[in-house]
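K.L.:
For reference, this is start.cif, and it has mmCIF, C-alpha atoms and all ligand atoms.
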```cif
data_work
#
loop_
_atom_site.label_atom_id
_atom_site.label_comp_id
_atom_site.auth_asym_id
_atom_site.auth_seq_id
_atom_site.Cartn_x
_atom_site.Cartn_y
_atom_site.Cartn_z
CA MET A 97 21.11 49.03 -34.18
CA LYS A 98 20.24 52.05 -32.09
CA LYS A 99 20.37 51.57 -28.32
CA ARG A 100 17.09 51.96 -26.45
CA VAL A 101 16.72 54.03 -23.29
CA LEU A 102 13.76 54.55 -20.97
CA ILE A 103 13.69 57.92 -19.19
CA THR A 104 11.17 58.38 -16.38
CA GLY A 105 10.06 61.87 -15.42
CA ALA A 106 10.50 62.66 -19.11
CA ALA A 107 8.08 65.60 -19.09
CA GLY A 108 9.87 67.28 -16.20
CA PHE A 109 12.72 69.75 -16.10
CA LEU A 110 15.67 67.32 -16.02
CA GLY A 111 13.89 64.42 -17.75
CA SER A 112 13.06 66.48 -20.82
CA HIS A 113 16.65 67.74 -21.13
CA LEU A 114 17.86 64.14 -20.87
CA CYS A 115 15.43 63.06 -23.63
CA ASP A 116 16.91 65.76 -25.88
CA ARG A 117 20.46 64.69 -25.11
CA PHE A 118 19.89 60.98 -25.76
CA ILE A 119 18.03 61.68 -28.99
CA LYS A 120 20.89 63.93 -30.09
CA ASP A 121 23.31 61.11 -29.25
CA GLY A 122 21.45 58.65 -31.51
CA PHE A 123 19.33 56.63 -29.07
CA ILE A 124 15.71 55.51 -29.31
CA VAL A 125 14.14 57.25 -26.32
CA PHE A 126 11.02 56.15 -24.43
CA GLY A 127 9.88 58.97 -22.17
CA MET A 128 7.59 57.96 -19.30
CA ASP A 129 5.69 60.39 -17.09
CA ASN A 130 2.34 60.54 -15.26
CA LEU A 131 2.24 64.33 -15.74
CA ILE A 132 1.61 65.03 -12.07
CA THR A 133 4.36 67.65 -12.01
CA GLY A 134 5.73 67.35 -15.55
CA LYS A 135 4.11 68.92 -18.60
CA LEU A 136 3.84 67.76 -22.19
CA GLN A 137 4.86 71.19 -23.43
CA ASN A 138 8.42 70.26 -22.40
CA LEU A 139 8.34 67.45 -25.00
CA GLU A 140 6.25 69.16 -27.69
CA HIS A 141 9.26 69.61 -29.97
CA LEU A 142 9.73 65.81 -30.07
CA ASN A 143 6.16 65.06 -31.20
CA ASN A 144 7.10 64.00 -34.71
CA ASN A 145 10.48 62.54 -33.88
CA LYS A 146 10.61 58.87 -34.90
CA CYS A 147 13.22 58.19 -32.23
CA PHE A 148 10.94 59.30 -29.40
CA GLU A 149 7.87 57.76 -27.82
CA PHE A 150 5.91 59.13 -24.88
CA ILE A 151 4.30 56.74 -22.40
CA ASN A 152 1.83 58.15 -19.88
CA HIS A 153 2.33 55.95 -16.83
CA ASP A 154 2.88 56.24 -13.08
CA VAL A 155 6.05 54.26 -12.30
CA SER A 156 4.76 53.53 -8.78
CA GLU A 157 2.41 51.04 -10.50
CA TYR A 158 3.66 47.87 -12.24
CA ILE A 159 5.40 48.73 -15.51
CA SER A 160 4.92 46.50 -18.51
CA PHE A 161 7.26 47.37 -21.33
CA GLU A 162 7.49 45.50 -24.60
CA GLY A 163 10.78 45.07 -26.40
CA GLU A 164 14.37 45.48 -25.38
CA LEU A 165 15.94 48.12 -23.21
CA ASP A 166 19.63 48.93 -22.86
CA TYR A 167 19.40 51.73 -20.31
CA ILE A 168 16.95 53.15 -17.79
CA LEU A 169 17.24 56.59 -16.20
CA HIS A 170 14.88 57.13 -13.27
CA PHE A 171 14.17 60.86 -13.00
CA ALA A 172 10.51 60.79 -11.98
CA SER A 173 9.84 62.56 -8.69
CA PRO A 174 8.44 65.80 -7.38
CA ALA A 175 11.56 67.82 -6.66
CA SER A 176 10.66 70.96 -4.79
CA PRO A 177 9.81 71.42 -1.11
CA ILE A 178 6.38 72.83 -2.04
CA ASP A 179 5.60 69.78 -4.15
CA TYR A 180 6.58 67.37 -1.38
CA LEU A 181 4.20 69.17 0.96
CA LYS A 182 1.34 68.99 -1.53
CA ILE A 183 1.85 65.37 -2.59
CA PRO A 184 3.88 63.69 0.15
CA ILE A 185 2.62 60.14 -0.45
CA GLN A 186 3.39 60.26 -4.18
CA THR A 187 6.82 61.64 -3.35
CA LEU A 188 7.47 58.65 -1.11
CA LYS A 189 6.02 56.16 -3.59
CA VAL A 190 7.86 57.25 -6.73
CA SER A 191 11.33 56.80 -5.26
CA SER A 192 10.48 53.64 -3.28
CA LEU A 193 7.82 51.61 -5.14
CA GLY A 194 8.74 53.31 -8.41
CA THR A 195 12.43 52.53 -8.02
CA HIS A 196 11.60 48.93 -7.09
CA ASN A 197 9.52 48.54 -10.26
CA LEU A 198 12.26 50.05 -12.41
CA LEU A 199 14.98 47.90 -10.86
CA GLY A 200 12.80 44.86 -11.60
CA LEU A 201 12.35 46.05 -15.17
CA ALA A 202 16.10 46.63 -15.56
CA LYS A 203 16.76 43.10 -14.27
CA ALA A 204 14.19 41.57 -16.62
CA LYS A 205 15.63 43.42 -19.63
CA GLY A 206 19.31 43.15 -18.69
CA ALA A 207 19.47 46.96 -18.79
CA ARG A 208 21.81 49.28 -16.91
CA ILE A 209 19.91 51.66 -14.62
CA LEU A 210 20.90 55.10 -13.35
CA VAL A 211 18.80 56.57 -10.54
CA ALA A 212 18.54 60.27 -9.71
CA SER A 213 19.42 60.83 -6.08
CA THR A 214 19.94 64.19 -4.46
CA SER A 215 22.00 66.34 -2.13
CA GLU A 216 18.94 66.06 0.16
CA VAL A 217 20.31 62.68 1.29
CA TYR A 218 22.79 64.82 3.29
CA GLY A 219 19.86 66.64 4.96
CA ASP A 220 20.90 69.79 6.83
CA PRO A 221 24.58 68.87 6.60
CA LEU A 222 26.98 69.10 9.51
CA VAL A 223 30.04 68.78 7.27
CA HIS A 224 30.90 71.21 4.53
CA PRO A 225 31.36 70.82 1.59
CA GLN A 226 29.52 67.52 1.27
CA GLN A 227 31.52 64.49 0.16
CA GLU A 228 29.93 61.24 -0.93
CA SER A 229 31.27 59.56 2.22
CA TYR A 230 29.13 61.78 4.49
CA PHE A 231 26.08 59.90 5.86
CA GLY A 232 23.94 63.00 6.30
CA ASN A 233 21.75 64.67 8.90
CA VAL A 234 18.14 64.00 7.93
CA ASN A 235 14.98 64.41 10.01
CA PRO A 236 12.87 61.42 8.91
CA ILE A 237 9.59 62.90 10.17
CA GLY A 238 10.09 66.53 9.08
CA PRO A 239 8.32 68.00 6.04
CA ARG A 240 11.27 67.20 3.77
CA GLY A 241 11.57 63.68 5.18
CA VAL A 242 9.20 62.29 2.54
CA TYR A 243 11.67 63.23 -0.18
CA ASP A 244 14.93 62.72 1.70
CA GLU A 245 14.08 59.31 3.11
CA ALA A 246 12.55 58.06 -0.14
CA LYS A 247 15.78 59.02 -1.93
CA ARG A 248 17.87 57.35 0.77
CA PHE A 249 15.76 54.20 0.41
CA GLN A 250 16.20 54.47 -3.36
CA GLU A 251 19.98 54.43 -2.98
CA SER A 252 19.75 51.52 -0.60
CA ILE A 253 17.54 49.31 -2.79
CA THR A 254 19.62 50.20 -5.85
CA MET A 255 22.81 49.01 -4.12
CA ALA A 256 20.96 45.89 -2.94
CA TYR A 257 19.97 45.03 -6.53
CA HIS A 258 23.55 45.60 -7.57
CA ARG A 259 25.01 43.44 -4.80
CA PHE A 260 22.38 40.71 -4.72
CA HIS A 261 21.41 40.46 -8.40
CA GLY A 262 24.60 41.82 -9.99
CA LEU A 263 22.51 44.51 -11.72
CA GLU A 264 24.44 47.29 -13.49
CA THR A 265 23.48 50.36 -11.44
CA ARG A 266 24.58 54.00 -11.17
CA ILE A 267 23.55 56.64 -8.60
CA VAL A 268 23.90 60.39 -9.17
CA ARG A 269 23.50 62.80 -6.25
CA ILE A 270 22.19 65.96 -7.87
CA PHE A 271 22.74 69.35 -6.24
CA ASN A 272 20.61 72.43 -7.01
CA THR A 273 20.28 72.68 -10.79
CA TYR A 274 18.65 75.35 -12.94
CA GLY A 275 17.82 76.08 -16.56
CA SER A 276 14.98 76.25 -19.03
CA ARG A 277 11.75 74.30 -18.37
CA MET A 278 11.84 74.74 -14.59
CA ARG A 279 8.29 75.30 -13.41
CA LEU A 280 7.71 78.93 -12.62
CA ASN A 281 5.56 78.17 -9.58
CA ASP A 282 7.11 75.10 -8.04
CA GLY A 283 8.50 77.19 -5.17
CA ARG A 284 12.17 76.71 -5.97
CA VAL A 285 14.21 79.78 -5.39
CA LEU A 286 15.33 80.58 -8.93
CA PRO A 287 11.94 80.47 -10.67
CA ALA A 288 10.38 82.09 -7.58
CA PHE A 289 12.76 85.09 -7.75
CA ILE A 290 12.63 85.46 -11.55
CA GLY A 291 8.82 85.16 -11.57
CA GLN A 292 8.53 87.75 -8.81
CA ALA A 293 10.86 90.16 -10.63
CA LEU A 294 8.97 89.75 -13.92
CA ARG A 295 5.60 90.33 -12.23
CA GLY A 296 6.93 93.39 -10.40
CA GLU A 297 6.62 91.77 -6.96
CA ASP A 298 9.04 91.84 -4.04
CA LEU A 299 11.51 88.95 -3.85
CA THR A 300 10.76 86.68 -0.88
CA ILE A 301 13.85 85.65 1.04
CA PHE A 302 13.21 82.86 3.54
CA GLY A 303 15.08 83.33 6.83
CA ASP A 304 17.79 86.00 6.88
CA GLY A 305 19.17 84.92 3.50
CA SER A 306 22.48 83.71 4.93
CA GLN A 307 21.77 80.08 3.94
CA THR A 308 23.84 78.96 0.97
CA ARG A 309 23.25 76.96 -2.19
CA SER A 310 25.49 76.11 -5.15
CA PHE A 311 23.70 76.24 -8.49
CA CYS A 312 24.60 74.05 -11.48
CA TYR A 313 23.50 74.82 -15.03
CA VAL A 314 21.41 72.03 -16.57
CA ASP A 315 23.75 71.32 -19.53
CA ASP A 316 26.63 70.70 -17.13
CA LEU A 317 24.48 68.35 -15.08
CA VAL A 318 23.38 66.40 -18.16
CA ASN A 319 27.02 66.00 -19.24
CA GLY A 320 27.89 64.65 -15.80
CA ILE A 321 24.98 62.18 -15.87
CA VAL A 322 25.95 60.87 -19.30
CA LYS A 323 29.56 60.42 -18.16
CA LEU A 324 28.44 58.59 -15.04
CA LEU A 325 26.08 56.29 -16.96
CA PHE A 326 28.90 55.12 -19.22
CA SER A 327 31.50 54.89 -16.44
CA ASN A 328 32.16 51.92 -14.19
CA GLU A 329 31.36 53.77 -10.96
CA VAL A 330 28.68 51.98 -8.96
CA GLU A 331 28.70 54.05 -5.79
CA PRO A 332 27.02 57.49 -5.63
CA VAL A 333 28.69 60.47 -7.31
CA ASN A 334 27.93 64.13 -6.53
CA ILE A 335 27.18 66.24 -9.60
CA GLY A 336 26.81 69.95 -8.98
CA ASN A 337 28.59 73.26 -9.28
CA PRO A 338 30.65 74.15 -6.18
CA ASP A 339 30.24 77.90 -6.76
CA GLU A 340 28.46 78.65 -3.46
CA ILE A 341 26.36 81.76 -2.82
CA THR A 342 24.04 83.00 -0.06
CA ILE A 343 20.38 83.33 -0.94
CA ALA A 344 20.56 87.07 -0.14
CA GLU A 345 23.40 87.54 -2.66
CA PHE A 346 21.47 85.41 -5.13
CA ALA A 347 18.42 87.70 -4.81
CA ASN A 348 20.66 90.65 -5.70
CA GLU A 349 22.01 88.82 -8.74
CA ILE A 350 18.45 88.20 -9.95
CA ILE A 351 17.50 91.85 -9.42
CA LYS A 352 20.52 92.89 -11.55
CA LEU A 353 19.86 90.21 -14.15
CA THR A 354 16.24 91.24 -14.63
CA ASN A 355 17.18 94.91 -14.53
CA THR A 356 14.41 95.64 -12.06
CA ASN A 357 14.29 97.61 -8.83
CA GLN A 358 12.49 95.04 -6.77
CA LYS A 359 12.84 95.07 -3.00
CA VAL A 360 13.43 91.96 -0.96
CA ILE A 361 11.12 90.95 1.86
CA TYR A 362 11.83 88.36 4.52
CA LYS A 363 9.65 85.38 5.43
CA PRO A 364 10.26 82.63 8.00
CA LEU A 365 12.77 79.92 7.09
CA PRO A 366 10.91 76.65 6.36
CA GLU A 367 11.48 73.80 8.83
CA ASN A 368 14.70 71.80 8.23
CA ASP A 369 15.76 74.09 5.36
CA PRO A 370 19.48 73.27 5.00
CA LEU A 371 21.68 76.18 6.10
CA GLN A 372 24.52 75.41 3.75
CA ARG A 373 25.05 73.26 0.72
CA GLN A 374 28.04 72.83 -1.56
CA PRO A 375 29.09 69.72 -3.43
CA ASP A 376 32.57 68.31 -3.10
CA ILE A 377 33.10 67.19 -6.70
CA THR A 378 36.55 65.64 -6.30
CA LYS A 379 35.15 62.20 -7.08
CA ALA A 380 33.37 63.37 -10.26
CA LYS A 381 36.61 65.05 -11.39
CA ASP A 382 38.78 62.02 -10.63
CA VAL A 383 36.49 59.21 -11.74
CA LEU A 384 34.51 60.83 -14.57
CA GLY A 385 36.85 63.61 -15.67
CA TRP A 386 33.86 65.95 -15.21
CA ILE A 387 33.73 69.54 -14.06
CA PRO A 388 31.00 72.14 -14.62
CA LYS A 389 31.82 74.63 -17.36
CA VAL A 390 28.96 77.16 -17.43
CA SER A 391 29.38 80.09 -15.03
CA ARG A 392 26.39 81.28 -13.02
CA SER A 393 26.28 84.58 -14.91
CA GLU A 394 26.14 82.79 -18.27
CA GLY A 395 23.68 80.12 -17.09
CA LEU A 396 21.41 82.73 -15.52
CA LYS A 397 21.33 84.76 -18.75
CA ARG A 398 20.26 81.69 -20.74
CA THR A 399 17.66 80.75 -18.13
CA TYR A 400 16.28 84.28 -17.94
CA ASN A 401 15.78 84.25 -21.72
CA TYR A 402 13.66 81.13 -21.33
CA PHE A 403 11.46 82.76 -18.69
CA LEU A 404 11.13 85.86 -20.88
CA SER A 405 9.68 83.66 -23.62
CA LEU A 406 6.74 82.63 -21.41
CA THR A 407 3.34 84.15 -22.11
CA GLU A 408 1.64 86.62 -19.70
CA ASP A 409 -0.80 83.85 -18.95
CA GLU A 410 1.97 81.46 -17.91
CA LEU A 411 3.63 84.16 -15.86
CA TYR A 412 0.50 84.84 -13.79
CA LYS A 413 -1.03 81.37 -13.67
CA LYS A 414 -0.67 79.76 -10.24
CA ASP A 415 0.35 76.32 -11.48
CA HIS A 416 -0.61 74.16 -14.43
CA ASN A 417 -0.68 71.04 -12.32
CA ASP A 418 -3.78 69.49 -10.89
CA PHE A 419 -2.62 67.80 -7.74
CA LYS A 420 -6.14 67.34 -6.41
CA LYS A 421 -6.85 64.03 -8.05
CA TYR A 422 -3.75 62.53 -6.43
CA ILE A 423 -4.18 63.78 -2.91
CA LYS A 424 -6.13 60.74 -1.60
CA ASN A 425 -3.72 58.10 -2.97
N1 LIG B 501 14.05 80.37 -0.84
C1 LIG B 501 13.83 81.72 -0.62
N2 LIG B 501 12.76 82.30 -1.24
C2 LIG B 501 11.91 81.65 -2.07
C3 LIG B 501 12.16 80.27 -2.32
C4 LIG B 501 13.22 79.67 -1.69
O1 LIG B 501 14.57 82.37 0.13
O2 LIG B 501 10.96 82.27 -2.60
C5 LIG B 501 15.20 79.72 -0.19
C6 LIG B 501 14.87 78.42 0.52
O3 LIG B 501 14.42 78.65 1.85
C7 LIG B 501 16.20 77.71 0.49
C8 LIG B 501 16.84 78.20 -0.81
O4 LIG B 501 16.14 79.37 -1.19
O5 LIG B 501 17.01 78.09 1.57
C9 LIG B 501 16.75 77.19 -1.94
O6 LIG B 501 15.43 76.75 -2.00
P1 LIG B 501 14.87 75.73 -3.10
O7 LIG B 501 13.46 75.43 -2.72
O8 LIG B 501 15.14 76.28 -4.45
O9 LIG B 501 15.76 74.43 -2.99
P2 LIG B 501 16.35 73.55 -1.79
O10 LIG B 501 15.96 74.14 -0.46
O11 LIG B 501 15.76 72.21 -2.01
O12 LIG B 501 17.79 73.64 -2.03
#
```
Do you think you could lay out the structure here as structure tokens?

P.N.:
Amino acid sequence: MKKRVLITGAAGFLGSHLCDRFIKDGFIVFGMDNLITGKLQNLEHLNNNKCFEFINHDVSEYISFEGELDYILHFASPASPIDYLKIPIQTLKVSSLGTHNLLGLAKAKGARILVASTSEVYGDPLVHPQQESYFGNVNPIGPRGVYDEAKRFQESITMAYHRFHGLETRIVRIFNTYGSRMRLNDGRVLPAFIGQALRGEDLTIFGDGSQTRSFCYVDDLVNGIVKLLFSNEVEPVNIGNPDEITIAEFANEIIKLTNTNQKVIYKPLPENDPLQRQPDITKAKDVLGWIPKVSRSEGLKRTYNYFLSLTEDELYKKDHNDFKKYIKN
């Protein structure tokens, strides 16, 4: 009998890659998404796959699911600072109410649940690199607070279900990840820079570009998530690539990669934008035997090829998403 897994946020960047991985590994996959930031195009190739079913549903509302479930992976959430600003209430709801609903579903089905947390739980970190034991430096009322605090609540309620109900839970803290199917206009730095280079625009560096990030290629991340799901580790585990780079250096890498002569221009640093970020992955190495394998130069080449395959229309379109209908909720 094939095992059955529910993946939320299935039409998004990470969710769709997870659907592919679990189908490849012989699971029956139920992909759930309300398409507020995800797009069906990311799942088009699974349309006629008998092992895949798409369910259009907002996990912040009660979830009724017929039949058995062995695993749940909760990857539904807006995940870029621009999205949180546009749909702050949904961002709060999906990781709080949504997580509560999914924990309840996992309990009812006797399923193991893995929730997607984030390096944002560390906020603008005062320790570097960030270890799982660091409690973080988050501004609850800042613009990123809606994401950061919802994810912190998500971790908290997940541990409570584990401790109180004995539920099988896993928590992954995801650091900046990139790869195919990222939305070109979600404001994240990699699609922003590549889109600008392809359209012949200047690259916009926020602040002086000295802030750092550490970028992980999506296949590495997916491997880490699968290892964590099947491990016995209940407490959060960082998954990310420790190869740290300043945003100014990153802009130069993108200019070289795209073989363009774009200039960079500077814009103000958004409020509470973390100045440095690098995962300490000692725990993932020790407990999961996981390390990232794809170098940034290789991962960027693969990702660039994906963006090159987009149509002119996609390249110039502002965004495919219609946030308007959600704004009052
Ligand atoms: N950033 C930038 N130019 C852009 C978009 C982002 O300089 O056009 C910066 C942003 O201020 C941040 C870094 O790149 O310091 C990473 O931003 P992103 O939104 O990708 O992710 P996060 O801040 O959540 O790590």

K.L.:
Need the shell around Asp282 (chain A): protein/DNA/RNA residues with any atom at most 10 Å away, counting all atoms listed in the file. Skip same-chain ones fewer than 2 positions apart. Format as a list of chain:residue names?

P.N.:
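That gives A:Thr133, A:Pro174, A:Ala175, A:Ser176, A:Pro177, A:Ile178, A:Asp179, A:Met278, A:Arg279, A:Leu280, A:Arg284, A:Val285, A:Leu286, A:Pro287, A:Ala288, A:Lys414, A:Asp415, A:Asn417.
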
K.L.:
Quick one: everything within 12 Å of Ser229 (chain A), counting all atoms listed in the file, minus sequence neighbours fewer than 6 positions away in the same chain. Send it as a list of chain:residue names.

P.N.:
A:Val217, A:Tyr218, A:Val223, A:Arg269, A:Glu331, A:Pro332, A:Val333, A:Asn334, A:Pro375, A:Asp376, A:Ile377, A:Thr378, A:Lys379

K.L.:
For the selection just defined, write its residues with C-alpha atoms to a file, as an mmCIF file, in the coordinates of the input.

P.N.:
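So the final result, stored in again.cif, reads:
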```cif
data_model
loop_
_atom_site.group_PDB
_atom_site.id
_atom_site.type_symbol
_atom_site.label_atom_id
_atom_site.label_comp_id
_atom_site.auth_asym_id
_atom_site.auth_seq_id
_atom_site.Cartn_x
_atom_site.Cartn_y
_atom_site.Cartn_z
ATOM 1 C CA VAL A 217 20.310 62.680 1.290
ATOM 2 C CA TYR A 218 22.790 64.820 3.290
ATOM 3 C CA VAL A 223 30.040 68.780 7.270
ATOM 4 C CA ARG A 269 23.500 62.800 -6.250
ATOM 5 C CA GLU A 331 28.700 54.050 -5.790
ATOM 6 C CA PRO A 332 27.020 57.490 -5.630
ATOM 7 C CA VAL A 333 28.690 60.470 -7.310
ATOM 8 C CA ASN A 334 27.930 64.130 -6.530
ATOM 9 C CA PRO A 375 29.090 69.720 -3.430
ATOM 10 C CA ASP A 376 32.570 68.310 -3.100
ATOM 11 C CA ILE A 377 33.100 67.190 -6.700
ATOM 12 C CA THR A 378 36.550 65.640 -6.300
ATOM 13 C CA LYS A 379 35.150 62.200 -7.080
#
```

K.L.:
As JSON, please report the centre and edge lengths, rounded to one decimal in Å, of the axis-aligned box that holds all listed atoms of ligand LIG 501 (chain B) with 3 Å of padding on each of the six sides.

P.N.:
```
{"center_x": 14.4, "center_y": 77.3, "center_z": -1.3, "size_x": 12.8, "size_y": 16.2, "size_z": 12.3}
```

K.L.:
Can you work out which residues are within 10 Å of ligand LIG 501 (chain B), considering only C-alpha atoms and all ligand atoms, and then hand them over as a PyMOL selection string?

P.N.:
chain A and resi 175-179+214-216+219-220+240+271-274+281-292+298-311+342-344+346-347+360-373

K.L.:
CA of Val268 (chain A) to CA of Met97 (chain A): how many Å, to one decimal?

P.N.:
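CA of Met97 (chain A) lies at a distance of 27.6 Å from CA of Val268 (chain A).
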
K.L.:
CA of His153 (chain A) and CA of Ala106 (chain A), how far apart in Å?

P.N.:
10.8 Å

K.L.:
Counting only C-alpha atoms, write as a PyMOL selection string all protein and nucleic acid residues lying at most 6 Å from (5.9, 51.2, -9.3) in the file's frame.

P.N.:
chain A and resi 155-158+193-194+197

K.L.:
Up to 9 Å from (8.5, 52.5, 0.6) in the file's coordinates: name the residues, counting all atoms listed in the file, as a list in words.

P.N.:
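Protein and nucleic acid residues near the point are Leu188, Lys189, Val190, Ser191, Ser192, Leu193, Ala246, Phe249 and Gln250 of chain A.
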
K.L.:
Deliver the residues from the most recent selection as a file, using C-alpha atoms, as a CSV table (one decimal), in the frame of the given file.

P.N.:
```csv
chain,number,residue,atom,x,y,z
A,188,LEU,CA,7.5,58.6,-1.1
A,189,LYS,CA,6.0,56.2,-3.6
A,190,VAL,CA,7.9,57.2,-6.7
A,191,SER,CA,11.3,56.8,-5.3
A,192,SER,CA,10.5,53.6,-3.3
A,193,LEU,CA,7.8,51.6,-5.1
A,246,ALA,CA,12.6,58.1,-0.1
A,249,PHE,CA,15.8,54.2,0.4
A,250,GLN,CA,16.2,54.5,-3.4
```

K.L.:
So, counting only C-alpha atoms, which residue among A:Thr195, A:Gly134, A:Phe326, A:Ile237 is closest to Asp166 (chain A)?

P.N.:
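Once distances to Asp166 (chain A) are computed over only C-alpha atoms, the minimum belongs to A:Phe326.
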
K.L.:
At what distance in Å, to one decimal, does CA of Leu114 (chain A) lie from CA of Ser213 (chain A)?

P.N.:
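Going from CA of Ser213 (chain A) over to CA of Leu114 (chain A), I get 15.2 Å.
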
K.L.:
From the set A:Gly122, A:Gly200, A:Gly395, A:Gly320, which residue has the shortest atom-to-atom contact distance to His258 (chain A), counting only C-alpha atoms?

P.N.:
A:Gly200

K.L.:
If we count only C-alpha atoms and set the cut-off at 9 Å, which residues sit around Ser327 (chain A), ignoring sequence neighbours fewer than 2 positions away in its own chain? Please answer as a PyMOL selection string.

P.N.:
chain A and resi 266+322-325+329-330+383-384

K.L.:
Can you write just those residues out, C-alpha atoms, as an mmCIF file, in the frame of the given file?

P.N.:
```
data_model
loop_
_atom_site.group_PDB
_atom_site.id
_atom_site.type_symbol
_atom_site.label_atom_id
_atom_site.label_comp_id
_atom_site.auth_asym_id
_atom_site.auth_seq_id
_atom_site.Cartn_x
_atom_site.Cartn_y
_atom_site.Cartn_z
ATOM 1 C CA ARG A 266 24.580 54.000 -11.170
ATOM 2 C CA VAL A 322 25.950 60.870 -19.300
ATOM 3 C CA LYS A 323 29.560 60.420 -18.160
ATOM 4 C CA LEU A 324 28.440 58.590 -15.040
ATOM 5 C CA LEU A 325 26.080 56.290 -16.960
ATOM 6 C CA GLU A 329 31.360 53.770 -10.960
ATOM 7 C CA VAL A 330 28.680 51.980 -8.960
ATOM 8 C CA VAL A 383 36.490 59.210 -11.740
ATOM 9 C CA LEU A 384 34.510 60.830 -14.570
#
```

K.L.:
With only C-alpha atoms as the basis for distance, which of A:Ile151, A:Leu404, A:Ile185, A:Ile159 is at the shortest distance from Leu131 (chain A)?

P.N.:
A:Ile151

K.L.:
Excluding Glu408 (chain A) and residues on its chain fewer than 5 positions from it, collect all residues at most 10 Å away from it, counting all atoms listed in the file, and give them as a list in words.

P.N.:
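Skipping anything fewer than 5 positions along the chain leaves Leu294, Arg295 and Lys413 of chain A.
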
K.L.:
Residues within 12 Å of Leu136 (chain A), please, as an MDAnalysis selection string. Count all atoms listed in the file; anything in the same chain fewer than 6 positions from it doesn't count.

P.N.:
chainID A and resid 105:109 111:112 127:130 142:143 150:152 277 416:417

K.L.:
Could those selected residues go to a file with C-alpha atoms, as an mmCIF file, in the coordinates of the input?

P.N.:
```
data_model
loop_
_atom_site.group_PDB
_atom_site.id
_atom_site.type_symbol
_atom_site.label_atom_id
_atom_site.label_comp_id
_atom_site.auth_asym_id
_atom_site.auth_seq_id
_atom_site.Cartn_x
_atom_site.Cartn_y
_atom_site.Cartn_z
ATOM 1 C CA GLY A 105 10.060 61.870 -15.420
ATOM 2 C CA ALA A 106 10.500 62.660 -19.110
ATOM 3 C CA ALA A 107 8.080 65.600 -19.090
ATOM 4 C CA GLY A 108 9.870 67.280 -16.200
ATOM 5 C CA PHE A 109 12.720 69.750 -16.100
ATOM 6 C CA GLY A 111 13.890 64.420 -17.750
ATOM 7 C CA SER A 112 13.060 66.480 -20.820
ATOM 8 C CA GLY A 127 9.880 58.970 -22.170
ATOM 9 C CA MET A 128 7.590 57.960 -19.300
ATOM 10 C CA ASP A 129 5.690 60.390 -17.090
ATOM 11 C CA ASN A 130 2.340 60.540 -15.260
ATOM 12 C CA LEU A 142 9.730 65.810 -30.070
ATOM 13 C CA ASN A 143 6.160 65.060 -31.200
ATOM 14 C CA PHE A 150 5.910 59.130 -24.880
ATOM 15 C CA ILE A 151 4.300 56.740 -22.400
ATOM 16 C CA ASN A 152 1.830 58.150 -19.880
ATOM 17 C CA ARG A 277 11.750 74.300 -18.370
ATOM 18 C CA HIS A 416 -0.610 74.160 -14.430
ATOM 19 C CA ASN A 417 -0.680 71.040 -12.320
#
```

K.L.:
Using all atoms listed in the file, which residue out of A:Val318, A:Gly206, A:Val390, A:Ile351 lies closest to Arg117 (chain A)?

P.N.:
A:Val318

K.L.:
Of the residues A:Gln358, A:Asn337, A:Ser173, A:Asn319, which is the one nearest to Glu297 (chain A), using all atoms listed in the file?

P.N.:
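Once distances to Glu297 (chain A) are computed over all atoms listed in the file, the minimum belongs to A:Gln358.
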
K.L.:
Measuring between all atoms listed in the file, which one of A:Leu198, A:Ala293, A:Ala207, A:Val242 shows the shortest distance to Asn355 (chain A)?

P.N.:
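Closest residue, counting all atoms listed in the file: A:Ala293.
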